[in-house]
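Text of the file structure29.cif, holding mmCIF, C-alpha atoms:
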data_upload
loop_
_atom_site.label_atom_id
_atom_site.label_comp_id
_atom_site.auth_asym_id
_atom_site.auth_seq_id
_atom_site.Cartn_x
_atom_site.Cartn_y
_atom_site.Cartn_z
CA MET E 1 0.00 0.00 0.00
CA SER E 2 1.57 3.24 -1.13
CA GLY E 3 -0.09 5.11 1.76
CA ASP E 4 2.04 3.12 4.20
CA ASP E 5 5.14 3.95 2.21
CA ASN E 6 4.31 7.63 2.24
CA THR E 7 3.61 7.70 5.96
CA ALA E 8 6.88 5.92 6.64
CA ARG E 9 8.71 8.28 4.29
CA PHE E 10 7.10 11.25 6.01
CA GLU E 11 8.30 10.00 9.40
CA ARG E 12 11.79 9.48 8.06
CA ILE E 13 12.19 12.57 5.87
CA VAL E 14 10.06 15.29 7.46
CA GLN E 15 9.69 14.59 11.18
CA PRO E 16 13.40 14.83 12.08
CA HIS E 17 13.44 18.42 10.77
CA LEU E 18 10.42 19.68 12.66
CA GLY E 19 12.55 21.69 15.10
CA ASP E 20 14.39 23.47 12.30
CA ALA E 21 11.11 23.97 10.42
CA TYR E 22 9.50 25.59 13.45
CA ALA E 23 12.52 27.82 14.13
CA LEU E 24 12.62 29.10 10.54
CA ALA E 25 8.85 29.66 10.47
CA ARG E 26 9.07 31.61 13.72
CA TRP E 27 11.78 33.90 12.36
CA ILE E 28 9.83 34.53 9.16
CA THR E 29 6.41 35.09 10.75
CA GLY E 30 7.72 36.60 13.99
CA ASP E 31 5.04 34.77 15.95
CA ARG E 32 4.84 31.37 17.66
CA ALA E 33 1.22 30.57 16.86
CA ASP E 34 1.69 31.64 13.24
CA ALA E 35 4.82 29.48 13.07
CA GLU E 36 2.84 26.42 14.20
CA ASP E 37 0.23 27.07 11.52
CA VAL E 38 2.93 27.44 8.89
CA VAL E 39 4.70 24.24 9.96
CA GLN E 40 1.45 22.27 9.82
CA GLU E 41 0.65 23.58 6.38
CA ALA E 42 4.21 22.93 5.22
CA CYS E 43 4.03 19.36 6.53
CA LEU E 44 0.84 18.82 4.60
CA ARG E 45 2.51 20.09 1.43
CA ALA E 46 5.53 17.90 2.14
CA PHE E 47 3.32 14.87 2.70
CA ARG E 48 1.54 15.41 -0.63
CA ALA E 49 4.86 15.83 -2.44
CA ILE E 50 6.67 13.01 -0.70
CA GLY E 51 5.72 10.31 -3.19
CA GLY E 52 7.68 12.17 -5.86
CA TYR E 53 10.59 13.19 -3.63
CA ALA E 54 13.71 12.15 -5.49
CA GLY E 55 16.10 12.05 -2.53
CA GLY E 56 19.00 14.28 -1.63
CA ASN E 57 19.26 16.70 1.24
CA THR E 58 16.09 16.19 3.29
CA ARG E 59 16.62 19.20 5.55
CA ALA E 60 17.14 21.63 2.65
CA TRP E 61 14.10 20.12 0.93
CA MET E 62 11.91 20.56 4.01
CA LEU E 63 13.15 24.08 4.77
CA THR E 64 12.48 25.12 1.16
CA ILE E 65 8.86 24.04 1.60
CA VAL E 66 8.63 25.78 4.97
CA ARG E 67 10.01 29.03 3.60
CA ASN E 68 7.69 29.04 0.58
CA THR E 69 4.71 28.12 2.75
CA ALA E 70 5.55 30.88 5.23
CA TYR E 71 5.57 33.57 2.54
CA THR E 72 2.35 32.31 0.96
CA TRP E 73 0.80 32.19 4.42
CA LEU E 74 1.93 35.74 5.24
CA ALA E 75 0.62 37.07 1.95
CA ARG E 76 -2.76 35.46 2.66
CA ASN E 77 -3.07 36.31 6.35
CA ARG E 78 -0.78 39.25 7.02
CA SER E 79 -0.57 40.95 3.65
CA ALA E 80 0.96 44.15 5.03
CA VAL E 81 4.07 42.32 6.22
CA VAL E 82 5.19 41.01 2.87
CA MET E 83 7.11 43.32 0.62
CA ALA E 84 6.66 43.28 -3.11
CA VAL E 85 9.43 41.56 -5.04
CA ASP E 86 10.38 44.91 -6.64
CA ASP E 87 11.09 46.34 -3.21
CA LEU E 88 13.36 43.45 -2.39
CA VAL E 89 15.30 43.88 -5.60
CA SER E 90 15.77 47.60 -5.04
CA ILE E 91 16.98 47.08 -1.46
CA GLU E 92 19.51 44.62 -2.70
CA SER E 93 20.90 46.80 -5.48
CA ALA E 94 20.85 49.94 -3.32
CA ASN E 95 22.90 48.14 -0.73
CA ALA E 96 25.32 46.75 -3.26
CA GLY E 97 25.78 50.25 -4.70
CA GLN E 98 26.29 51.83 -1.32
CA ALA E 99 28.81 49.24 -0.25
CA ALA E 100 30.70 49.51 -3.50
CA THR E 101 31.03 53.30 -3.35
CA SER E 102 31.82 53.66 0.34
CA GLY E 103 34.11 50.65 0.29
CA ARG E 104 34.26 50.62 4.07
CA TYR E 105 31.42 50.56 6.53
CA ASP E 106 30.90 53.54 8.76
CA ALA E 107 30.33 51.62 11.95
CA ASN E 108 33.35 49.54 12.84
CA PRO E 109 32.99 48.54 16.47
CA GLU E 110 35.51 46.35 18.20
CA ALA E 111 34.86 42.63 18.28
CA GLU E 112 34.55 42.69 22.10
CA LEU E 113 31.55 44.99 21.86
CA ILE E 114 29.81 42.63 19.42
CA ALA E 115 30.54 39.61 21.55
CA LYS E 116 28.80 41.31 24.48
CA ALA E 117 25.54 42.03 22.60
CA ASP E 118 22.62 40.60 24.53
CA ALA E 119 19.95 38.25 23.21
CA ALA E 120 17.09 40.76 23.10
CA ARG E 121 19.21 43.21 21.13
CA LEU E 122 20.35 40.54 18.67
CA GLU E 123 16.82 39.28 18.17
CA ALA E 124 15.47 42.78 17.54
CA ALA E 125 18.27 43.50 15.06
CA ILE E 126 17.61 40.25 13.17
CA LYS E 127 13.89 41.00 13.01
CA ALA E 128 14.64 44.45 11.59
CA LEU E 129 16.57 42.98 8.63
CA PRO E 130 14.93 42.91 5.20
CA PRO E 131 13.40 39.41 4.79
CA GLN E 132 15.87 38.02 2.26
CA PHE E 133 18.85 39.09 4.40
CA ARG E 134 17.21 37.78 7.56
CA ASP E 135 16.43 34.38 6.03
CA THR E 136 20.00 33.95 4.81
CA LEU E 137 21.48 34.93 8.17
CA VAL E 138 19.11 32.68 10.14
CA LEU E 139 19.79 29.70 7.88
CA ARG E 140 23.55 30.15 8.21
CA ASP E 141 24.33 31.54 11.64
CA ILE E 142 21.45 30.07 13.64
CA GLN E 143 20.54 26.91 11.77
CA GLY E 144 24.03 26.13 10.47
CA LEU E 145 23.30 25.37 6.80
CA ASP E 146 26.16 25.72 4.35
CA TYR E 147 26.08 28.13 1.39
CA ARG E 148 24.93 25.51 -1.10
CA GLU E 149 22.04 24.43 1.10
CA ILE E 150 21.02 28.06 1.64
CA ALA E 151 21.17 28.66 -2.12
CA ALA E 152 18.79 25.71 -2.57
CA VAL E 153 16.39 26.83 0.16
CA THR E 154 16.24 30.50 -0.88
CA GLU E 155 16.40 29.64 -4.59
CA VAL E 156 19.22 32.03 -5.52
CA PRO E 157 22.83 31.47 -6.73
CA VAL E 158 25.58 30.85 -4.17
CA GLY E 159 27.13 34.24 -4.99
CA THR E 160 23.91 35.94 -3.90
CA VAL E 161 23.89 33.95 -0.67
CA MET E 162 27.43 35.15 -0.02
CA SER E 163 26.64 38.83 -0.54
CA ARG E 164 23.32 38.70 1.36
CA LEU E 165 25.00 37.02 4.30
CA ALA E 166 27.82 39.57 4.45
CA ARG E 167 25.36 42.47 4.26
CA ALA E 168 23.06 40.94 6.86
CA ARG E 169 25.97 40.53 9.27
CA GLN E 170 27.28 44.03 8.58
CA ARG E 171 23.81 45.44 9.30
CA LEU E 172 23.68 43.57 12.61
CA ILE E 173 27.12 44.83 13.52
CA GLU E 174 26.08 48.39 12.67
CA ALA E 175 22.91 48.03 14.76
CA ILE E 176 24.92 46.82 17.75
CA ALA E 177 27.38 49.69 17.33
CA ALA E 178 24.56 52.24 17.01
CA ASP E 179 23.10 50.99 20.28
CA ASP E 180 26.32 51.55 22.07
CA ARG E 181 26.60 55.21 21.08
CA MET T 182 34.15 28.05 -3.94
CA THR T 183 36.87 29.54 -6.13
CA VAL T 184 36.79 33.29 -6.26
CA ASP T 185 39.02 36.01 -7.60
CA THR T 186 40.60 37.39 -4.47
CA HIS T 187 42.08 40.46 -6.13
CA ASP T 188 38.98 42.54 -6.43
CA ASN T 189 37.84 45.66 -4.66
CA ASP T 190 37.52 46.12 -0.90
CA ASP T 191 33.88 45.12 -0.87
CA GLN T 192 34.67 41.84 -2.58
CA ALA T 193 37.47 41.23 -0.08
CA ALA T 194 35.03 41.72 2.79
CA LEU T 195 32.72 39.10 1.26
CA LEU T 196 35.64 36.71 1.05
CA VAL T 197 36.45 37.23 4.72
CA HIS T 198 32.90 36.13 5.56
CA ALA T 199 33.14 33.08 3.30
CA TYR T 200 36.54 32.30 4.83
CA VAL T 201 35.15 32.42 8.38
CA ASP T 202 32.35 30.13 7.21
CA GLY T 203 34.85 27.61 5.82
CA GLU T 204 33.36 27.98 2.34
CA LEU T 205 36.49 28.83 0.35
CA ASP T 206 38.57 26.31 -1.55
CA PRO T 207 42.11 25.92 -0.18
CA ALA T 208 43.77 28.24 -2.72
CA SER T 209 41.29 31.08 -2.14
CA ALA T 210 41.49 30.53 1.62
CA ILE T 211 45.28 30.90 1.59
CA ALA T 212 45.03 34.02 -0.58
CA ILE T 213 42.57 35.71 1.78
CA GLU T 214 44.57 34.61 4.84
CA GLN T 215 47.55 36.43 3.41
CA ARG T 216 45.49 39.56 2.83
CA ILE T 217 44.05 39.36 6.36
CA ALA T 218 47.59 39.13 7.71
CA SER T 219 48.69 42.26 5.87
CA GLU T 220 45.53 44.40 5.93
CA PRO T 221 44.30 45.49 9.38
CA ALA T 222 40.86 46.44 8.00
CA LEU T 223 40.28 42.86 6.86
CA ALA T 224 41.63 41.44 10.11
CA ALA T 225 39.16 43.67 11.99
CA GLU T 226 36.31 42.49 9.77
CA ARG T 227 37.26 38.90 10.46
CA ALA T 228 37.27 39.54 14.22
CA ARG T 229 33.86 41.23 13.99
CA VAL T 230 32.33 38.39 11.97
CA GLU T 231 33.69 35.78 14.35
CA ALA T 232 32.43 37.74 17.36
CA LEU T 233 28.99 38.09 15.79
CA ARG T 234 28.80 34.40 14.96
CA ARG T 235 29.77 33.54 18.52
CA ALA T 236 27.20 35.97 19.94
CA LEU T 237 24.48 34.47 17.75
CA ARG T 238 25.48 30.92 18.58
CA GLU T 239 25.87 31.37 22.31
CA GLY T 240 23.83 34.44 23.18
CA LEU T 241 20.58 33.72 21.36
CA PRO T 242 18.28 31.34 23.22
CA GLN T 243 17.20 28.43 21.06
CA GLU T 244 13.55 27.62 21.22
CA PRO T 245 12.59 24.05 20.43
CA ALA T 246 9.33 23.27 18.66
CA PRO T 247 6.42 22.84 21.07
CA ALA T 248 6.11 19.20 22.13
CA ALA T 249 2.52 19.01 20.93
CA LEU T 250 3.42 20.15 17.40
CA ARG T 251 4.75 16.75 16.32
CA GLU T 252 1.46 15.08 17.19
CA LYS T 253 -0.54 17.90 15.65
CA VAL T 254 1.38 17.41 12.44
CA ARG T 255 0.71 13.67 12.46
CA ARG T 256 -2.98 14.37 12.96
CA THR T 257 -3.04 16.97 10.17
CA VAL T 258 -1.45 14.51 7.78
CA GLY T 259 -3.68 11.66 8.97
CA VAL T 260 -6.85 13.72 8.68
CA THR T 261 -6.12 14.42 5.04
CA ARG T 262 -5.91 10.72 4.42
CA GLN T 263 -9.33 10.18 5.97
CA ARG T 264 -10.92 12.88 3.86
CA ALA T 265 -9.69 11.23 0.72
CA GLN T 266 -11.64 8.02 1.47
CA PRO T 267 -14.48 8.84 3.82
CA THR T 268 -15.90 5.33 4.18
CA TRP T 269 -15.83 3.24 7.35
CA MET T 270 -13.41 0.90 5.62
CA ALA T 271 -11.00 3.74 5.04
CA LEU T 272 -11.42 4.90 8.60
CA ALA T 273 -10.61 1.42 9.82
CA ALA T 274 -7.66 1.33 7.45
CA SER T 275 -6.37 4.65 8.68
CA LEU T 276 -6.77 3.54 12.28
CA ALA T 277 -4.78 0.43 11.47
CA LEU T 278 -2.27 2.64 9.71
CA ALA T 279 -1.99 4.93 12.72
CA ILE T 280 -1.24 1.92 14.90
CA PHE T 281 1.24 0.68 12.34
CA ALA T 282 2.89 4.10 12.11
CA SER T 283 3.12 4.53 15.84
CA SER T 284 4.47 1.07 16.57
CA THR T 285 6.42 -0.67 13.87
CA GLY T 286 6.19 2.00 11.20
CA THR T 287 9.05 4.08 12.46
CA TRP T 288 11.23 1.08 12.97
CA TYR T 289 10.36 -0.22 9.52
CA ALA T 290 11.20 3.10 7.93
CA MET T 291 14.55 3.09 9.65
CA GLN T 292 15.71 -0.20 8.21
CA PRO T 293 18.99 0.36 6.41
CA GLY T 294 18.92 0.34 2.63
CA ALA T 295 19.88 -2.54 0.42
CA GLY T 296 23.56 -2.04 1.19
CA GLY T 297 23.04 -2.45 4.94
CA SER T 298 26.27 -0.54 5.41
CA VAL T 299 27.61 0.69 8.74
CA PRO T 300 26.92 4.39 7.96
CA ASP T 301 23.31 3.52 7.05
CA ALA T 302 22.85 1.66 10.32
CA VAL T 303 24.44 4.51 12.29
CA ILE T 304 22.17 7.10 10.63
CA ALA T 305 19.16 4.86 11.24
CA GLY T 306 20.04 4.75 14.94
CA HIS T 307 20.36 8.53 15.02
CA LEU T 308 17.01 9.05 13.25
CA ARG T 309 15.26 6.58 15.50
CA ALA T 310 16.60 8.51 18.49
CA LEU T 311 15.40 11.84 17.09
CA MET T 312 11.87 10.50 16.79
CA ALA T 313 11.74 8.69 20.10
CA PRO T 314 10.40 10.54 23.14
CA GLN T 315 13.95 10.43 24.53
CA PRO T 316 17.07 10.40 22.34
CA ALA T 317 18.94 8.36 24.94
CA ASP T 318 18.09 5.26 26.97
CA VAL T 319 20.12 6.55 29.88
CA ALA T 320 19.67 10.29 30.17
CA SER T 321 22.44 11.91 32.13
CA SER T 322 24.99 14.63 31.65
CA ASP T 323 27.31 12.84 34.06
CA ARG T 324 29.80 10.55 32.35
CA HIS T 325 30.21 8.61 35.58
CA THR T 326 26.57 7.60 35.23
CA VAL T 327 26.60 6.94 31.51
CA LYS T 328 29.71 4.78 31.28
CA PRO T 329 28.70 2.22 33.96
CA TRP T 330 25.25 1.97 32.36
CA PHE T 331 26.90 0.51 29.27
CA SER T 332 29.06 -1.92 31.21
CA GLY T 333 26.09 -4.08 32.10
CA ARG T 334 24.77 -4.19 28.55
CA ILE T 335 27.56 -4.50 26.02
CA PRO T 336 31.01 -6.08 26.10
CA LEU T 337 32.95 -2.90 25.45
CA ALA T 338 31.95 0.30 27.21
CA PRO T 339 32.92 3.32 25.09
CA ARG T 340 35.04 6.16 26.35
CA VAL T 341 32.79 8.92 27.58
CA VAL T 342 34.25 12.40 27.78
CA ASP T 343 32.91 15.60 29.26
CA LEU T 344 32.71 18.40 26.70
CA VAL T 345 30.29 20.72 28.45
CA GLN T 346 32.98 23.40 28.77
CA ASP T 347 33.26 23.39 25.00
CA GLY T 348 29.53 23.77 24.45
CA PHE T 349 28.74 20.09 23.78
CA PRO T 350 26.90 18.84 26.88
CA LEU T 351 26.39 15.12 27.26
CA VAL T 352 22.74 14.10 26.95
CA GLY T 353 23.10 10.39 27.62
CA GLY T 354 23.69 7.06 25.96
CA ARG T 355 21.82 4.29 24.20
CA VAL T 356 22.50 0.96 22.55
CA ASP T 357 22.13 0.80 18.76
CA VAL T 358 22.38 -2.27 16.57
CA VAL T 359 24.90 -2.28 13.73
CA ASN T 360 25.46 -5.44 11.71
CA ARG T 361 23.36 -7.37 14.23
CA THR T 362 25.77 -6.33 17.00
CA PRO T 363 24.73 -4.10 19.89
CA VAL T 364 27.00 -1.05 19.98
CA PRO T 365 27.18 1.98 22.28
CA SER T 366 26.00 5.40 21.12
CA LEU T 367 26.63 8.53 23.12
CA VAL T 368 24.36 11.50 22.65
CA TYR T 369 25.69 15.03 22.91
CA SER T 370 23.91 18.26 22.12
CA ARG T 371 24.81 21.55 20.52
CA ARG T 372 22.09 24.18 20.82
CA GLN T 373 18.95 22.38 19.61
CA HIS T 374 20.96 19.86 17.58
CA LEU T 375 21.71 16.35 18.77
CA ILE T 376 24.89 14.50 17.94
CA SER T 377 24.98 10.71 18.05
CA LEU T 378 28.42 9.22 18.50
CA THR T 379 28.36 5.52 17.75
CA ALA T 380 31.38 3.30 18.43
CA VAL T 381 31.59 0.22 16.21
CA PRO T 382 34.25 -2.34 17.14
CA ASN T 383 36.69 -3.82 14.61
CA ALA T 384 36.44 -1.08 12.09
CA SER T 385 35.63 -1.96 8.54
CA THR T 386 37.91 -0.60 5.86
CA GLY T 387 37.22 2.10 3.29
CA ILE T 388 35.85 4.66 5.71
CA LYS T 389 35.15 8.10 4.35
CA THR T 390 36.22 10.52 7.02
CA SER T 391 33.38 12.89 6.38
CA GLN T 392 30.29 12.65 4.27
CA THR T 393 26.75 13.90 3.98
CA VAL T 394 23.97 11.35 3.89
CA GLN T 395 20.38 12.53 3.45
CA GLY T 396 21.28 15.95 4.75
CA TYR T 397 23.04 14.61 7.84
CA ASN T 398 26.72 15.19 8.34
CA MET T 399 28.88 12.25 9.37
CA ILE T 400 32.44 12.13 10.54
CA ALA T 401 34.30 8.89 11.22
CA TRP T 402 37.63 8.12 12.84
CA THR T 403 39.34 5.08 14.24
CA ALA T 404 40.82 4.84 17.70
CA GLU T 405 41.37 2.10 20.29
CA GLY T 406 40.15 -0.61 17.92
CA MET T 407 36.83 1.14 17.38
CA THR T 408 35.47 3.23 14.59
CA TYR T 409 33.68 6.26 15.97
CA TRP T 410 30.86 7.69 13.89
CA ALA T 411 29.56 11.15 14.72
CA VAL T 412 26.29 11.99 12.99
CA SER T 413 24.17 15.12 13.29
CA ASP T 414 22.25 17.72 11.38
CA LEU T 415 24.72 20.18 12.87
CA ASN T 416 26.88 21.93 10.28
CA LEU T 417 30.05 20.12 9.30
CA GLU T 418 32.32 22.80 10.73
CA GLU T 419 30.98 22.43 14.28
CA LEU T 420 30.69 18.67 13.96
CA GLU T 421 34.38 18.58 13.05
CA MET T 422 35.09 20.73 16.09
CA PHE T 423 33.19 18.19 18.19
CA ALA T 424 35.20 15.31 16.70
CA ARG T 425 38.47 17.14 17.35
CA LEU T 426 37.52 17.89 20.97
CA PHE T 427 36.36 14.34 21.63
CA ARG T 428 39.56 12.83 20.26
CA ALA T 429 41.72 15.28 22.16
CA ALA T 430 39.90 14.89 25.48
CA PRO T 431 41.61 12.91 28.25
CA PHE T 432 39.88 9.78 29.51
#
Go ahead and express the file in the form of C-alpha cells.
Amino acid sequence: MSGDDNTARFERIVQPHLGDAYALARWITGDRADAEDVVQEACLRAFRAIGGYAGGNTRAWMLTIVRNTAYTWLARNRSAVVMAVDDLVSIESANAGQAATSGRYDANPEAELIAKADAARLEAAIKALPPQFRDTLVLRDIQGLDYREIAAVTEVPVGTVMSRLARARQRLIEAIAADDR
Amino acid sequence: MTVDTHDNDDQAALLVHAYVDGELDPASAIAIEQRIASEPALAAERARVEALRRALREGLPQEPAPAALREKVRRTVGVTRQRAQPTWMALAASLALAIFASSTGTWYAMQPGAGGSVPDAVIAGHLRALMAPQPADVASSDRHTVKPWFSGRIPLAPRVVDLVQDGFPLVGGRVDVVNRTPVPSLVYSRRQHLISLTAVPNASTGIKTSQTVQGYNMIAWTAEGMTYWAVSDLNLEELEMFARLFRAAPF
C-alpha cells in the first residue's frame, strides 16, 4: 500500500526536521502561533509531495517548503508584512551600490563589543533585517546550513547567498554599534 | 568556492565572511589569509564576523518546537488521508495505519537500505533517536553515570568524555544495533541539535572521514580498535570541532 510507504517516508524525511522547520517559520512570521500554523501547512505540502521526492538533502528540501509556505501564508493572512518583489530587488541593489562606493562601513565597532551584545538586542536587530537578508542569516548563523544548502532553500545562486550574508551581518554589527553610542 | 581574491575592498570583505564560514577552496582561503595578515581592515572584519557568529550561537536562546506540534502534524497529515476516502473501511484502514505508524512504522522506515552498510545503520540509529520521546536510553549529563550503564549491557563500554565546557553537553547514551551487533552510542547536544556518537568495534575498511547522507553530516575516525561515527544535522564545521575535541579529550 503506497499510503504506508508515504507515511513511513514522512516520518523518516520530514519529522526529524520539525525543530528546524518551526525555528525558521518563527523567524519569518515573527510569531509562535503563526509558526505552528505554517509548519502544519508545510508538513501537509511535504506529505503530498513526498511520493515524488527524489532524494537528496532532506533538511534543505523541508526548509524550502517551509520558507515558501511561510511567505504564501503571510501574503494570505498578514498581507501588510510582505514586501513586493520589486522592493526586495531595489533594497539589494541599493545596498550593493552603497557598499561599492563607500568601500568601508561607517560603523566599525571592536569585536569585544559585538561579543557582548545581549539576546534581546540581537533578536530585535535580526527581526529588523529585510526578509531576504534575515532568512539567509538565520539559515547560516542560527541553523548552520552551508552556502549551497542556503542557495537551494532560498532559490538564488551561491554568490547571492554570499553577498546577502555579508550584508546581513554588517547590518547587525552596525545596529549593535549604534546601540552603544 | 573559487573566487578572484584580487577585487575591490567590498569583494574582499565578502571573502572574509566566506573564509570564516569555511566555504572557500584551499587556494582562495590561503590568498585571503595572506590579505588578512597584511591588511588590518580585513583582520578587523574577520574579528567582527567571528564575534557576531559567537554571539548568535551562544547568546541567542534556542527555542525548540512545542512538544505538541509533532502530534498535531501527524494528525493533520492523517486527517487528510481520511478525507480522501471517507468510508468506514477507510477509517478502519487509517486507524490500522496509525497503529502501524506509531508502533512498527518508524522502525520499519529506519531499516537500512539494500547495502546495509555501517553508515546507514548509524544514521538509522540517530534518526530513531530523534523520533523517540527520549534520544537516549540513559539520560544523564554525568559521564560517571553513563559509562557504567553501558558496562552491564555491552562487552565494550565506550570512552565517555565531558565536553560541556566546549559547548557540547552530554545528553546520555543508548544501545544501537549495527550489523546485528549491539553497539554503544553517546548523545551530545549543541544548541537544539543532537549529535549521536556511535562506536563500532573492529572497524571496517574504506571509511570516508566525512560525508553527507540525506542531509546529515557524518564524521568517522578510528581509535582504540573502534570506529567512531559522529552523525548530526549540525553543520560540518561544528561537527568537526566536536570530533576534534572528543579525540583530544583525556579519559
Handout entry: Ground truth for the PyMOL selection byres ((chain T) within 6 of (chain E)), written as a ChimeraX atom specification
Key = /T:190-191,195,228-229,232-233,236,240-241,245-246,254,258,290,395-396,416
Completion exercise
One decimal place gives the atom CA of T:Pro329-atom CA of T:Ala310 separation as 20.6 Å
Handout entry: Atomic separation - atom CA of T:Val394 relative to atom CA of E:Tyr71, Å
Key =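 According to the coordinates, atom CA of E:Tyr71 and atom CA of T:Val394 are separated by 28.9 Å.
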Exercise for the section: Provide the atom CA of T:Met399 to atom CA of T:His307 distance in Å, to one decimal place. Expected result: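 Between atom CA of T:Met399 and atom CA of T:His307 the gap is 10.9 Å.
Every residue that the PyMOL selection byres ((chain E and resi 153) around 8) selects in this file is listed here: Ala60, Trp61, Leu63, Thr64, Arg67, Glu149, Ile150, Ala151, Ala152, Thr154 and Glu155 of chain E.
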Practice task
Would you be able to write out as number ranges by chain which residues have an atom within 8 Å of (23.3, 13.0, 25.9) in the file's coordinates, counting all atoms listed in the file?
Solution key: T: 316-317, 320-322, 350-354, 367-370
Which residues are near T:Glu220? Cut-off 12 Å, all atoms listed in the file, ignore same chain within fewer than 5 positions. Put them as a PDB file with C-alpha atoms, in the frame of the given file.
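Once everything was written out, this is around.pdb:
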ATOM      1  CA  ASP T 190      37.520  46.120  -0.900  1.00  0.00           C
ATOM      2  CA  ALA T 193      37.470  41.230  -0.080  1.00  0.00           C
ATOM      3  CA  ALA T 194      35.030  41.720   2.790  1.00  0.00           C
ATOM      4  CA  VAL T 197      36.450  37.230   4.720  1.00  0.00           C
ATOM      5  CA  ILE T 213      42.570  35.710   1.780  1.00  0.00           C
ATOM      6  CA  GLU T 214      44.570  34.610   4.840  1.00  0.00           C
ATOM      7  CA  GLN T 215      47.550  36.430   3.410  1.00  0.00           C
ATOM      8  CA  ALA T 225      39.160  43.670  11.990  1.00  0.00           C
ATOM      9  CA  GLU T 226      36.310  42.490   9.770  1.00  0.00           C
ATOM     10  CA  ARG T 227      37.260  38.900  10.460  1.00  0.00           C
TER      11      ARG T 227
END
Practice task
List, as a list in words, every residue that the PyMOL selection byres ((chain T and resi 421) around 10) selects in the file provided.
Solution key: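 When the PyMOL selection byres ((chain T and resi 421) around 10) is applied to the shown file, the picked residues are Ser391, Asn398, Met399, Ile400, Ala401, Ala411, Leu415, Asn416, Leu417, Glu418, Glu419, Leu420, Met422, Phe423, Ala424, Arg425, Leu426 and Phe427 of chain T.
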Problem - Nearest to E:Tyr53, chosen from E:Ala25, E:Val66, E:Val14, E:Val38, with all atoms listed in the file counted in the distances - result: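 Under the stated criterion, the closest residue is E:Val14.
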Reconstruct N, CA and C atoms of stretch 45-61 of chain E from the incomplete input and present them as a CSV table (one decimal), keeping the file's coordinate frame.
chain,number,residue,atom,x,y,z
E,45,ARG,N,1.9,20.0,2.8
E,45,ARG,CA,2.5,20.1,1.4
E,45,ARG,C,3.6,19.0,1.2
E,46,ALA,N,4.4,18.9,2.2
E,46,ALA,CA,5.5,17.9,2.1
E,46,ALA,C,5.0,16.5,2.0
E,47,PHE,N,3.9,16.2,2.8
E,47,PHE,CA,3.3,14.9,2.7
E,47,PHE,C,2.8,14.6,1.3
E,48,ARG,N,2.1,15.6,0.7
E,48,ARG,CA,1.5,15.4,-0.6
E,48,ARG,C,2.6,15.2,-1.7
E,49,ALA,N,3.8,15.9,-1.4
E,49,ALA,CA,4.9,15.8,-2.4
E,49,ALA,C,5.8,14.6,-2.2
E,50,ILE,N,5.6,13.9,-1.1
E,50,ILE,CA,6.7,13.0,-0.7
E,50,ILE,C,6.8,11.8,-1.6
E,51,GLY,N,5.7,11.4,-2.3
E,51,GLY,CA,5.7,10.3,-3.2
E,51,GLY,C,6.7,10.6,-4.3
E,52,GLY,N,6.8,11.8,-4.7
E,52,GLY,CA,7.7,12.2,-5.9
E,52,GLY,C,9.0,12.7,-5.4
E,53,TYR,N,9.3,12.7,-4.1
E,53,TYR,CA,10.6,13.2,-3.6
E,53,TYR,C,11.7,12.3,-4.1
E,54,ALA,N,12.7,12.9,-4.8
E,54,ALA,CA,13.7,12.2,-5.5
E,54,ALA,C,14.9,11.8,-4.6
E,55,GLY,N,14.9,12.3,-3.4
E,55,GLY,CA,16.1,12.0,-2.5
E,55,GLY,C,17.0,13.3,-2.5
E,56,GLY,N,18.1,13.1,-1.8
E,56,GLY,CA,19.0,14.3,-1.6
E,56,GLY,C,18.9,14.8,-0.2
E,57,ASN,N,19.2,16.1,-0.1
E,57,ASN,CA,19.3,16.7,1.2
E,57,ASN,C,17.9,16.9,1.8
E,58,THR,N,17.5,16.1,2.8
E,58,THR,CA,16.1,16.2,3.3
E,58,THR,C,15.8,17.5,4.0
E,59,ARG,N,16.9,18.0,4.8
E,59,ARG,CA,16.6,19.2,5.6
E,59,ARG,C,16.4,20.4,4.6
E,60,ALA,N,17.3,20.5,3.6
E,60,ALA,CA,17.1,21.6,2.6
E,60,ALA,C,15.8,21.5,1.9
E,61,TRP,N,15.4,20.3,1.6
E,61,TRP,CA,14.1,20.1,0.9
E,61,TRP,C,13.0,20.6,1.8
